[in-house]
$ cat protein09.cif   # mmCIF, C-alpha atoms
data_input
loop_
_atom_site.label_atom_id
_atom_site.label_comp_id
_atom_site.auth_asym_id
_atom_site.auth_seq_id
_atom_site.Cartn_x
_atom_site.Cartn_y
_atom_site.Cartn_z
CA MET A 1 -37.38 -30.28 -38.29
CA ARG A 2 -34.61 -29.20 -40.64
CA VAL A 3 -32.34 -26.49 -39.29
CA ILE A 4 -29.51 -24.60 -40.98
CA LEU A 5 -27.04 -22.86 -38.67
CA ILE A 6 -24.71 -20.22 -40.10
CA GLY A 7 -21.65 -19.13 -38.15
CA GLY A 8 -19.09 -20.56 -35.77
CA GLY A 9 -17.74 -20.41 -32.26
CA LYS A 10 -19.08 -22.02 -29.12
CA THR A 11 -22.65 -20.77 -29.56
CA VAL A 12 -23.09 -22.55 -32.86
CA TYR A 13 -21.33 -25.68 -31.60
CA PHE A 14 -23.51 -26.06 -28.51
CA LEU A 15 -26.71 -25.08 -30.32
CA ALA A 16 -26.01 -27.68 -32.97
CA ARG A 17 -25.47 -30.35 -30.31
CA GLN A 18 -28.65 -29.38 -28.53
CA PHE A 19 -30.69 -29.48 -31.75
CA ILE A 20 -29.22 -32.85 -32.71
CA SER A 21 -30.09 -34.28 -29.29
CA LYS A 22 -33.68 -33.16 -29.89
CA GLY A 23 -33.65 -35.16 -33.10
CA TYR A 24 -33.51 -32.22 -35.51
CA ASN A 25 -31.78 -32.53 -38.83
CA VAL A 26 -28.93 -30.00 -38.56
CA THR A 27 -26.71 -28.52 -41.29
CA LEU A 28 -23.94 -26.06 -40.48
CA ILE A 29 -22.44 -23.40 -42.75
CA ASN A 30 -19.02 -22.10 -41.79
CA ARG A 31 -16.62 -20.04 -43.87
CA SER A 32 -13.37 -21.09 -42.20
CA ALA A 33 -11.88 -24.33 -43.59
CA ASP A 34 -10.25 -25.21 -40.25
CA GLU A 35 -13.31 -24.58 -38.16
CA ALA A 36 -15.59 -26.39 -40.62
CA LYS A 37 -13.30 -29.44 -40.47
CA ASN A 38 -13.28 -29.41 -36.66
CA LEU A 39 -17.05 -29.04 -36.47
CA SER A 40 -17.59 -31.95 -38.85
CA ARG A 41 -15.41 -34.14 -36.61
CA GLN A 42 -17.08 -33.04 -33.37
CA ILE A 43 -20.75 -33.23 -34.28
CA LYS A 44 -23.00 -35.45 -36.30
CA ALA A 45 -24.11 -32.87 -38.79
CA VAL A 46 -23.41 -32.00 -42.38
CA VAL A 47 -20.99 -29.07 -42.46
CA VAL A 48 -20.86 -26.94 -45.61
CA LEU A 49 -17.76 -24.81 -46.11
CA GLY A 50 -18.68 -21.41 -47.50
CA ASP A 51 -20.38 -18.06 -47.13
CA GLY A 52 -23.92 -18.37 -45.78
CA SER A 53 -24.98 -15.28 -47.69
CA ASP A 54 -24.08 -16.91 -51.01
CA PRO A 55 -27.19 -18.40 -52.68
CA ALA A 56 -25.24 -21.41 -54.01
CA VAL A 57 -23.95 -22.28 -50.53
CA LEU A 58 -27.42 -21.99 -49.01
CA GLU A 59 -28.79 -24.27 -51.69
CA GLU A 60 -26.02 -26.82 -51.09
CA ALA A 61 -26.91 -26.78 -47.40
CA GLY A 62 -30.45 -27.80 -48.31
CA ALA A 63 -32.21 -24.45 -47.95
CA ARG A 64 -35.03 -25.59 -50.23
CA ARG A 65 -36.21 -28.09 -47.64
CA ALA A 66 -35.20 -26.23 -44.49
CA ASP A 67 -37.78 -25.24 -41.86
CA VAL A 68 -35.62 -22.62 -40.25
CA VAL A 69 -32.36 -20.76 -40.96
CA LEU A 70 -30.40 -19.26 -38.04
CA ALA A 71 -27.74 -16.69 -38.97
CA LEU A 72 -25.43 -16.25 -35.98
CA THR A 73 -22.26 -14.64 -37.31
CA GLY A 74 -20.68 -11.57 -35.75
CA ARG A 75 -21.56 -9.44 -38.75
CA ASP A 76 -25.07 -7.99 -38.95
CA GLN A 77 -24.89 -7.46 -42.71
CA ASP A 78 -24.09 -11.15 -43.34
CA ASN A 79 -26.88 -12.31 -41.03
CA LEU A 80 -29.43 -10.05 -42.71
CA VAL A 81 -28.53 -11.05 -46.27
CA ALA A 82 -28.44 -14.78 -45.41
CA CYS A 83 -31.94 -14.58 -43.91
CA GLN A 84 -33.34 -12.54 -46.79
CA LEU A 85 -31.92 -14.90 -49.43
CA ALA A 86 -33.22 -17.94 -47.53
CA LYS A 87 -36.68 -16.42 -47.44
CA GLN A 88 -36.82 -14.92 -50.94
CA MET A 89 -34.99 -17.54 -53.00
CA TYR A 90 -35.70 -20.75 -51.09
CA SER A 91 -38.98 -19.91 -49.30
CA VAL A 92 -37.63 -20.88 -45.86
CA PRO A 93 -40.61 -20.26 -43.56
CA ARG A 94 -38.68 -19.03 -40.49
CA THR A 95 -35.46 -17.04 -40.36
CA VAL A 96 -33.65 -16.05 -37.18
CA ALA A 97 -30.84 -13.49 -37.08
CA LEU A 98 -28.41 -12.50 -34.38
CA VAL A 99 -28.20 -8.71 -34.24
CA ASN A 100 -24.92 -7.33 -32.92
CA ASP A 101 -25.91 -3.65 -32.93
CA PRO A 102 -29.05 -3.65 -30.69
CA GLU A 103 -30.49 -0.77 -32.72
CA ASN A 104 -30.71 -3.03 -35.76
CA GLU A 105 -33.22 -5.34 -34.07
CA GLU A 106 -36.22 -3.31 -35.20
CA VAL A 107 -34.68 -2.73 -38.65
CA PHE A 108 -34.28 -6.47 -39.25
CA HIS A 109 -37.95 -7.09 -38.40
CA GLN A 110 -38.90 -4.40 -40.86
CA LEU A 111 -36.75 -6.03 -43.54
CA GLY A 112 -38.49 -9.40 -43.26
CA VAL A 113 -36.45 -11.43 -40.77
CA THR A 114 -38.87 -13.54 -38.69
CA VAL A 115 -36.96 -13.24 -35.41
CA ALA A 116 -34.12 -10.81 -34.76
CA PHE A 117 -32.54 -10.90 -31.33
CA SER A 118 -29.79 -8.87 -29.78
CA ALA A 119 -27.55 -10.74 -27.35
CA THR A 120 -26.34 -7.40 -26.05
CA ARG A 121 -29.84 -6.32 -25.14
CA ILE A 122 -30.77 -9.64 -23.54
CA ILE A 123 -27.63 -9.71 -21.39
CA ALA A 124 -28.03 -6.04 -20.45
CA THR A 125 -31.64 -6.63 -19.36
CA LEU A 126 -30.66 -9.69 -17.35
CA ILE A 127 -27.90 -7.87 -15.53
CA GLU A 128 -30.09 -4.87 -14.85
CA GLU A 129 -32.91 -6.94 -13.43
CA GLN A 130 -30.62 -9.18 -11.44
CA THR A 131 -28.71 -6.38 -9.81
CA GLY A 132 -31.86 -4.34 -9.21
CA PHE A 133 -33.54 -7.15 -7.26
CA GLU A 134 -31.38 -9.65 -5.51
CA GLU A 135 -34.50 -11.63 -4.54
CA ILE A 136 -34.85 -12.75 -8.15
CA THR A 137 -33.40 -16.18 -8.60
CA ASN A 138 -34.54 -17.07 -12.07
CA LEU A 139 -35.61 -15.09 -15.12
CA VAL A 140 -36.87 -16.45 -18.42
CA PRO A 141 -37.81 -14.09 -21.25
CA MET A 142 -40.43 -15.52 -23.62
CA ALA A 143 -41.96 -14.43 -26.93
CA GLU A 144 -38.89 -12.37 -27.82
CA GLY A 145 -38.83 -10.78 -24.37
CA LYS A 146 -42.41 -9.46 -24.61
CA ILE A 147 -43.24 -11.46 -21.50
CA VAL A 148 -40.97 -12.57 -18.66
CA PHE A 149 -41.22 -15.37 -16.08
CA THR A 150 -39.39 -14.81 -12.82
CA GLU A 151 -39.09 -16.48 -9.49
CA VAL A 152 -38.86 -14.10 -6.52
CA ALA A 153 -38.25 -14.88 -2.89
CA VAL A 154 -40.43 -13.33 -0.18
CA GLY A 155 -38.24 -11.96 2.60
CA GLU A 156 -39.03 -10.34 5.95
CA ASP A 157 -39.24 -6.85 4.46
CA ALA A 158 -41.45 -7.79 1.51
CA PRO A 159 -44.51 -5.51 1.26
CA ALA A 160 -46.58 -8.49 0.08
CA LEU A 161 -45.85 -10.54 3.21
CA GLY A 162 -49.02 -11.63 5.01
CA LYS A 163 -51.38 -10.22 2.37
CA THR A 164 -53.82 -12.17 0.24
CA LEU A 165 -53.15 -12.04 -3.50
CA GLN A 166 -56.39 -10.16 -4.23
CA THR A 167 -55.36 -7.30 -1.93
CA LEU A 168 -51.92 -6.87 -3.52
CA ASP A 169 -51.36 -3.62 -5.36
CA LEU A 170 -50.17 -5.14 -8.65
CA PRO A 171 -50.03 -3.16 -11.90
CA GLU A 172 -51.91 -4.28 -15.05
CA GLY A 173 -50.33 -7.07 -17.05
CA VAL A 174 -48.81 -8.93 -14.09
CA LEU A 175 -49.90 -12.28 -12.76
CA ILE A 176 -48.77 -14.48 -9.87
CA ALA A 177 -48.77 -17.81 -11.67
CA GLY A 178 -47.60 -19.96 -8.80
CA ILE A 179 -46.33 -20.12 -5.22
CA LEU A 180 -43.54 -22.48 -4.24
CA ARG A 181 -43.88 -23.23 -0.53
CA ARG A 182 -41.75 -25.83 1.29
CA GLY A 183 -41.27 -27.86 -1.85
CA GLU A 184 -44.97 -27.76 -2.82
CA VAL A 185 -46.35 -25.92 -5.81
CA ILE A 186 -49.55 -23.98 -5.27
CA VAL A 187 -51.54 -22.64 -8.20
CA PRO A 188 -52.96 -19.71 -6.29
CA ARG A 189 -56.34 -18.02 -6.07
CA GLY A 190 -56.98 -14.51 -4.85
CA THR A 191 -57.56 -15.76 -1.31
CA ASN A 192 -54.10 -17.32 -0.91
CA ARG A 193 -51.90 -15.47 1.55
CA VAL A 194 -48.22 -14.72 0.94
CA GLN A 195 -45.96 -16.28 3.62
CA LEU A 196 -42.34 -15.82 4.61
CA ASP A 197 -39.86 -17.75 2.40
CA ASP A 198 -42.49 -18.30 -0.30
CA ARG A 199 -41.12 -18.19 -3.82
CA LEU A 200 -43.52 -16.47 -6.19
CA ILE A 201 -43.63 -17.32 -9.88
CA VAL A 202 -44.43 -14.02 -11.54
CA LEU A 203 -45.51 -13.60 -15.14
CA GLY A 204 -45.46 -10.11 -16.58
CA GLN A 205 -44.65 -7.64 -19.31
CA PRO A 206 -41.27 -5.91 -19.04
CA GLU A 207 -42.80 -2.38 -18.84
CA THR A 208 -44.73 -3.10 -15.65
CA TYR A 209 -42.19 -5.43 -14.14
CA GLY A 210 -40.34 -2.94 -11.98
CA ALA A 211 -43.55 -1.70 -10.35
CA ALA A 212 -44.75 -5.27 -9.80
CA LEU A 213 -41.56 -6.38 -8.09
CA ARG A 214 -41.53 -3.32 -5.86
CA ALA A 215 -45.09 -4.12 -4.77
CA LEU A 216 -44.18 -7.73 -4.04
CA VAL A 217 -40.72 -7.75 -2.51
CA GLY A 218 -39.72 -4.09 -2.25
CA GLY A 219 -36.12 -3.35 -3.17
CA GLU A 220 -34.47 -0.48 -4.94
CA GLY A 221 -35.06 -1.32 -8.65
CA MET B 1 -32.64 19.29 -60.95
CA ALA B 2 -33.64 20.64 -57.53
CA ALA B 3 -31.66 23.52 -56.09
CA MET B 4 -29.36 21.58 -53.80
CA GLN B 5 -29.31 17.77 -53.85
CA TYR B 6 -28.14 16.13 -50.64
CA THR B 7 -26.33 12.85 -51.28
CA VAL B 8 -24.87 10.40 -48.76
CA ILE B 9 -22.18 8.00 -49.99
CA ALA B 10 -21.23 4.87 -48.01
CA GLY B 11 -17.63 3.85 -48.72
CA CYS B 12 -14.73 6.03 -49.79
CA GLY B 13 -12.79 3.66 -51.99
CA ARG B 14 -12.10 4.29 -55.67
CA LEU B 15 -15.78 4.34 -56.67
CA GLY B 16 -17.10 6.24 -53.64
CA SER B 17 -14.42 8.93 -53.80
CA LEU B 18 -14.84 9.35 -57.57
CA LEU B 19 -18.62 9.79 -57.22
CA ALA B 20 -18.15 12.15 -54.28
CA GLY B 21 -15.78 14.38 -56.27
CA ASP B 22 -17.94 14.45 -59.41
CA LEU B 23 -21.23 15.08 -57.60
CA SER B 24 -19.57 17.72 -55.46
CA LYS B 25 -18.37 19.49 -58.61
CA GLN B 26 -21.95 19.38 -59.93
CA GLY B 27 -23.10 21.25 -56.86
CA HIS B 28 -24.43 18.40 -54.71
CA SER B 29 -24.10 18.61 -50.99
CA ILE B 30 -22.22 15.43 -50.00
CA VAL B 31 -21.45 13.38 -46.92
CA VAL B 32 -19.06 10.42 -47.31
CA ILE B 33 -18.87 7.67 -44.67
CA ASP B 34 -16.02 5.19 -44.31
CA ARG B 35 -14.78 2.98 -41.48
CA ASP B 36 -11.19 3.80 -42.34
CA GLU B 37 -10.27 7.46 -41.97
CA THR B 38 -7.18 7.17 -44.16
CA ARG B 39 -9.42 6.47 -47.15
CA PHE B 40 -10.65 10.06 -47.19
CA THR B 41 -7.30 10.90 -48.81
CA ASN B 42 -8.82 9.31 -51.95
CA LEU B 43 -11.11 12.35 -52.29
CA SER B 44 -10.20 14.82 -55.03
CA ILE B 45 -9.54 18.50 -54.39
CA GLU B 46 -12.92 19.30 -55.97
CA PHE B 47 -14.66 17.60 -53.06
CA SER B 48 -16.27 20.18 -50.80
CA GLY B 49 -18.51 17.99 -48.63
CA PHE B 50 -18.21 16.37 -45.21
CA THR B 51 -16.68 13.08 -44.09
CA ILE B 52 -17.71 10.78 -41.23
CA ALA B 53 -15.42 8.02 -39.93
CA GLY B 54 -17.56 5.11 -38.78
CA ASP B 55 -19.18 1.79 -39.61
CA VAL B 56 -22.23 2.29 -41.84
CA VAL B 57 -23.97 -0.83 -40.53
CA GLU B 58 -24.43 1.01 -37.22
CA LEU B 59 -27.71 2.88 -37.26
CA GLU B 60 -26.21 5.70 -35.24
CA ILE B 61 -23.65 6.50 -37.93
CA LEU B 62 -26.42 6.83 -40.54
CA GLN B 63 -28.35 9.08 -38.17
CA ARG B 64 -25.27 11.23 -37.68
CA ALA B 65 -25.00 11.57 -41.47
CA LYS B 66 -28.65 12.81 -41.50
CA VAL B 67 -29.66 10.15 -44.00
CA ASP B 68 -33.31 10.99 -43.23
CA ARG B 69 -32.82 14.27 -45.12
CA ALA B 70 -30.93 12.78 -48.08
CA ASP B 71 -32.30 12.92 -51.64
CA CYS B 72 -29.95 10.18 -52.74
CA PHE B 73 -28.00 7.36 -51.02
CA LEU B 74 -25.18 5.47 -52.76
CA ALA B 75 -23.77 2.28 -51.18
CA THR B 76 -20.29 1.73 -52.61
CA THR B 77 -18.32 -0.15 -49.94
CA ASN B 78 -16.28 -3.14 -51.08
CA ASP B 79 -18.58 -5.54 -49.17
CA ASP B 80 -21.77 -6.59 -51.03
CA ASN B 81 -23.64 -7.47 -47.86
CA VAL B 82 -22.89 -4.11 -46.27
CA ASN B 83 -24.18 -2.38 -49.40
CA LEU B 84 -27.34 -4.48 -49.49
CA MET B 85 -28.04 -3.88 -45.83
CA VAL B 86 -27.45 -0.13 -45.71
CA ALA B 87 -29.32 0.43 -48.97
CA GLN B 88 -32.38 -1.24 -47.49
CA VAL B 89 -32.02 0.70 -44.25
CA ALA B 90 -31.76 3.97 -46.21
CA LYS B 91 -34.91 3.10 -48.11
CA ALA B 92 -37.07 1.46 -45.43
CA VAL B 93 -36.02 3.33 -42.29
CA PHE B 94 -34.93 6.73 -43.62
CA GLN B 95 -37.22 6.87 -46.70
CA VAL B 96 -34.53 8.13 -49.06
CA PRO B 97 -36.11 8.56 -52.54
CA VAL B 98 -33.14 7.38 -54.64
CA VAL B 99 -31.02 4.48 -53.34
CA ILE B 100 -28.43 2.54 -55.36
CA ALA B 101 -26.08 -0.23 -54.21
CA ARG B 102 -22.95 -1.57 -55.87
CA LEU B 103 -22.89 -5.39 -56.03
CA PHE B 104 -19.85 -7.38 -57.16
CA ASN B 105 -21.65 -10.70 -57.14
CA PRO B 106 -24.49 -10.63 -59.71
CA ALA B 107 -26.04 -13.81 -58.21
CA ARG B 108 -27.94 -11.76 -55.61
CA GLU B 109 -29.05 -9.03 -58.00
CA ALA B 110 -32.42 -10.50 -59.02
CA VAL B 111 -33.51 -11.12 -55.42
CA TYR B 112 -32.76 -7.58 -54.37
CA ARG B 113 -34.47 -6.13 -57.41
CA GLU B 114 -37.58 -7.93 -56.17
CA LEU B 115 -37.05 -6.37 -52.75
CA GLY B 116 -36.91 -2.95 -54.40
CA VAL B 117 -33.18 -2.29 -54.15
CA ALA B 118 -31.59 -0.82 -57.27
CA THR B 119 -28.16 -2.35 -57.87
CA ILE B 120 -25.24 -1.83 -60.20
CA SER B 121 -22.91 -4.75 -60.78
CA PRO B 122 -19.42 -3.87 -62.11
CA THR B 123 -18.92 -7.54 -63.02
CA LYS B 124 -22.01 -7.52 -65.19
CA LEU B 125 -21.20 -4.11 -66.70
CA SER B 126 -17.70 -5.28 -67.68
CA ALA B 127 -19.05 -8.51 -69.13
CA ASP B 128 -21.57 -6.55 -71.19
CA ALA B 129 -18.83 -4.18 -72.39
CA PHE B 130 -16.58 -7.09 -73.35
CA LEU B 131 -19.37 -8.82 -75.25
CA HIS B 132 -20.27 -5.59 -77.02
CA SER B 133 -16.63 -5.03 -78.08
CA ILE B 134 -16.32 -8.59 -79.34
CA GLN B 135 -19.48 -8.22 -81.40
CA THR B 136 -18.44 -4.90 -82.95
CA SER B 137 -14.92 -6.13 -83.80
CA ASN B 138 -16.43 -9.26 -85.38
CA GLN B 139 -18.75 -7.11 -87.44
CA SER B 140 -15.94 -4.86 -88.65
CA GLN B 141 -13.95 -7.90 -89.78
CA VAL B 142 -16.81 -9.12 -91.97
#

$ encode --input "protein09.cif" --output "structure tokens"
Amino acid sequence: MRVILIGGGKTVYFLARQFISKGYNVTLINRSADEAKNLSRQIKAVVVLGDGSDPAVLEEAGARRADVVLALTGRDQDNLVACQLAKQMYSVPRTVALVNDPENEEVFHQLGVTVAFSATRIIATLIEEQTGFEEITNLVPMAEGKIVFTEVAVGEDAPALGKTLQTLDLPEGVLIAGILRRGEVIVPRGTNRVQLDDRLIVLGQPETYGAALRALVGGEG
Amino acid sequence: MAAMQYTVIAGCGRLGSLLAGDLSKQGHSIVVIDRDETRFTNLSIEFSGFTIAGDVVELEILQRAKVDRADCFLATTNDDNVNLMVAQVAKAVFQVPVVIARLFNPAREAVYRELGVATISPTKLSADAFLHSIQTSNQSQV
């Protein structure tokens, strides 16, 4: 897997290290001479000094053979143009852009970026869900946030306590994928009963999530 | 030309302010957007349109300028990538019929022509003008 990362800061540094540890071939593009020099000393990757939205710089970074380009700068316009050039000029199959203005997420999809994600939106959703339900201990958005995995604890006040899964009043699009009970993992059937201190692994779509969590563990939400 | 053309101009530098003044004089209804309020002093006294201080890469600023109702959108900021982005947004999201972006770096021109963005490159225009002048002065010497 050949990956080109455009941008700087801690995010790019740690992402690059993670990709390298997975065995990916990583090339970085950074426009600051100082930062580019530091990055090339700190990580085992080729670092190209330049503007990632300049076709010549992308080509030098090996865009022709790249599998994916990630544009992670703080400027939406630079991220968009870098992704579009990578796709149009060098036929890079997947492009990923960081979107700083959450409203641009949809716009970027429309303009041909494979994956556009807004850190603002992800963090806002996390905080909202975490503060709404303190029983939630873990939350993993998947498929660009279209589906979410969470782990919820069953307390004494939980409406689901003592019920079998098939009698729970769950909305459409929500599934109890697992029950963690005293260190054991149960892949449940409808006849399994929810017990105190169970941890439920819940899979669901964000729209129905609030209703699902209220049915399971109560809470304000 | 239609009764009252509505034109939105992104960027109020030398080019943006010049276009705003001229189009205003021709009877266009104009809105000029620039991040830096002080740049609106570039506008000539003929300018009779509106100004909005804000960053054009924010969708909300374009909505406030009512780009959805514009007949024409001109991207003239001094940043090529900003121009390329907002021109595409004007076209794809707000369906503006006529959209033109200024591009200093001609290297990206061909790609964006393929993507349906009309561009004008001052670098290329100057080069063409230089070449034309050289040719005509050579001919007159013969």

$ interface_residues --input "protein09.cif" --of "chain A" --to "chain B" --cutoff "8 Å" --atoms "all atoms listed in the file" --output "PDB file with C-alpha atoms, in the coordinates of the input"
ATOM      1  CA  SER A  53     -24.980 -15.280 -47.690  1.00  0.00           C
ATOM      2  CA  ASP A  54     -24.080 -16.910 -51.010  1.00  0.00           C
ATOM      3  CA  PRO A  55     -27.190 -18.400 -52.680  1.00  0.00           C
ATOM      4  CA  ASP A  76     -25.070  -7.990 -38.950  1.00  0.00           C
ATOM      5  CA  GLN A  77     -24.890  -7.460 -42.710  1.00  0.00           C
ATOM      6  CA  ASP A  78     -24.090 -11.150 -43.340  1.00  0.00           C
ATOM      7  CA  LEU A  80     -29.430 -10.050 -42.710  1.00  0.00           C
ATOM      8  CA  VAL A  81     -28.530 -11.050 -46.270  1.00  0.00           C
ATOM      9  CA  LEU A  85     -31.920 -14.900 -49.430  1.00  0.00           C
ATOM     10  CA  GLN A  88     -36.820 -14.920 -50.940  1.00  0.00           C
ATOM     11  CA  MET A  89     -34.990 -17.540 -53.000  1.00  0.00           C
ATOM     12  CA  ASP A 101     -25.910  -3.650 -32.930  1.00  0.00           C
ATOM     13  CA  GLU A 103     -30.490  -0.770 -32.720  1.00  0.00           C
ATOM     14  CA  ASN A 104     -30.710  -3.030 -35.760  1.00  0.00           C
ATOM     15  CA  VAL A 107     -34.680  -2.730 -38.650  1.00  0.00           C
ATOM     16  CA  GLN A 110     -38.900  -4.400 -40.860  1.00  0.00           C
ATOM     17  CA  LEU A 111     -36.750  -6.030 -43.540  1.00  0.00           C
TER      18      LEU A 111
END

$ residues_around --input "protein09.cif" --residues "Leu196 in chain A" --least-positions-apart "6" --cutoff "9 Å" --atoms "all atoms listed in the file" --output "ChimeraX atom specification"
/A:153-156,158,161-162

$ axis_aligned_box --input "protein09.cif" --around "range 37-52 of chain B" --padding-each-side "5 Å" --output "JSON"
{"center_x": -12.8, "center_y": 13.3, "center_z": -48.6, "size_x": 21.3, "size_y": 23.7, "size_z": 24.7}

$ closest_residue --input "protein09.cif" --among "A:Arg75, A:Leu70, A:Leu213, A:Phe149" --to "Ala116 in chain A" --atoms "only C-alpha atoms"
A:Leu70

$ resolve_selection --input "protein09.cif" --expression "the PyMOL selection byres ((chain A and resi 197-207) around 8)" --output "mmCIF file with C-alpha atoms, in the frame of the given file"
data_model
loop_
_atom_site.group_PDB
_atom_site.id
_atom_site.type_symbol
_atom_site.label_atom_id
_atom_site.label_comp_id
_atom_site.auth_asym_id
_atom_site.auth_seq_id
_atom_site.Cartn_x
_atom_site.Cartn_y
_atom_site.Cartn_z
ATOM 1 C CA GLY A 145 -38.830 -10.780 -24.370
ATOM 2 C CA LYS A 146 -42.410 -9.460 -24.610
ATOM 3 C CA ILE A 147 -43.240 -11.460 -21.500
ATOM 4 C CA VAL A 148 -40.970 -12.570 -18.660
ATOM 5 C CA PHE A 149 -41.220 -15.370 -16.080
ATOM 6 C CA THR A 150 -39.390 -14.810 -12.820
ATOM 7 C CA GLU A 151 -39.090 -16.480 -9.490
ATOM 8 C CA VAL A 152 -38.860 -14.100 -6.520
ATOM 9 C CA ALA A 153 -38.250 -14.880 -2.890
ATOM 10 C CA VAL A 154 -40.430 -13.330 -0.180
ATOM 11 C CA GLY A 155 -38.240 -11.960 2.600
ATOM 12 C CA GLY A 173 -50.330 -7.070 -17.050
ATOM 13 C CA VAL A 174 -48.810 -8.930 -14.090
ATOM 14 C CA LEU A 175 -49.900 -12.280 -12.760
ATOM 15 C CA ILE A 176 -48.770 -14.480 -9.870
ATOM 16 C CA ALA A 177 -48.770 -17.810 -11.670
ATOM 17 C CA GLY A 178 -47.600 -19.960 -8.800
ATOM 18 C CA ILE A 179 -46.330 -20.120 -5.220
ATOM 19 C CA LEU A 180 -43.540 -22.480 -4.240
ATOM 20 C CA ARG A 181 -43.880 -23.230 -0.530
ATOM 21 C CA ARG A 182 -41.750 -25.830 1.290
ATOM 22 C CA VAL A 194 -48.220 -14.720 0.940
ATOM 23 C CA GLN A 195 -45.960 -16.280 3.620
ATOM 24 C CA LEU A 196 -42.340 -15.820 4.610
ATOM 25 C CA THR A 208 -44.730 -3.100 -15.650
ATOM 26 C CA TYR A 209 -42.190 -5.430 -14.140
ATOM 27 C CA GLY A 210 -40.340 -2.940 -11.980
#

$ resolve_selection --input "protein09.cif" --expression "the PyMOL selection byres ((chain B and resi 6) around 7)" --output "PyMOL selection string"
chain B and resi 4-5+7-8+28-30+70-72

$ write_last_selection --input "protein09.cif" --atoms "C-alpha atoms" --output "PDB file, in the coordinates of the input"
ATOM      1  CA  MET B   4     -29.360  21.580 -53.800  1.00  0.00           C
ATOM      2  CA  GLN B   5     -29.310  17.770 -53.850  1.00  0.00           C
ATOM      3  CA  THR B   7     -26.330  12.850 -51.280  1.00  0.00           C
ATOM      4  CA  VAL B   8     -24.870  10.400 -48.760  1.00  0.00           C
ATOM      5  CA  HIS B  28     -24.430  18.400 -54.710  1.00  0.00           C
ATOM      6  CA  SER B  29     -24.100  18.610 -50.990  1.00  0.00           C
ATOM      7  CA  ILE B  30     -22.220  15.430 -50.000  1.00  0.00           C
ATOM      8  CA  ALA B  70     -30.930  12.780 -48.080  1.00  0.00           C
ATOM      9  CA  ASP B  71     -32.300  12.920 -51.640  1.00  0.00           C
ATOM     10  CA  CYS B  72     -29.950  10.180 -52.740  1.00  0.00           C
TER      11      CYS B  72
END

$ atom_distance --input "protein09.cif" --atom1 "CA of Ala65 in chain B" --atom2 "CA of Thr123 in chain B"
29.4 Å

$ atom_distance --input "protein09.cif" --atom1 "CA of Asp34 in chain B" --atom2 "CA of Ala101 in chain B"
15.1 Å

$ closest_residue --input "protein09.cif" --among "B:Gly49, B:Gly11, B:Gly21, B:Pro97" --to "Glu37 in chain B" --atoms "only C-alpha atoms"
B:Gly11
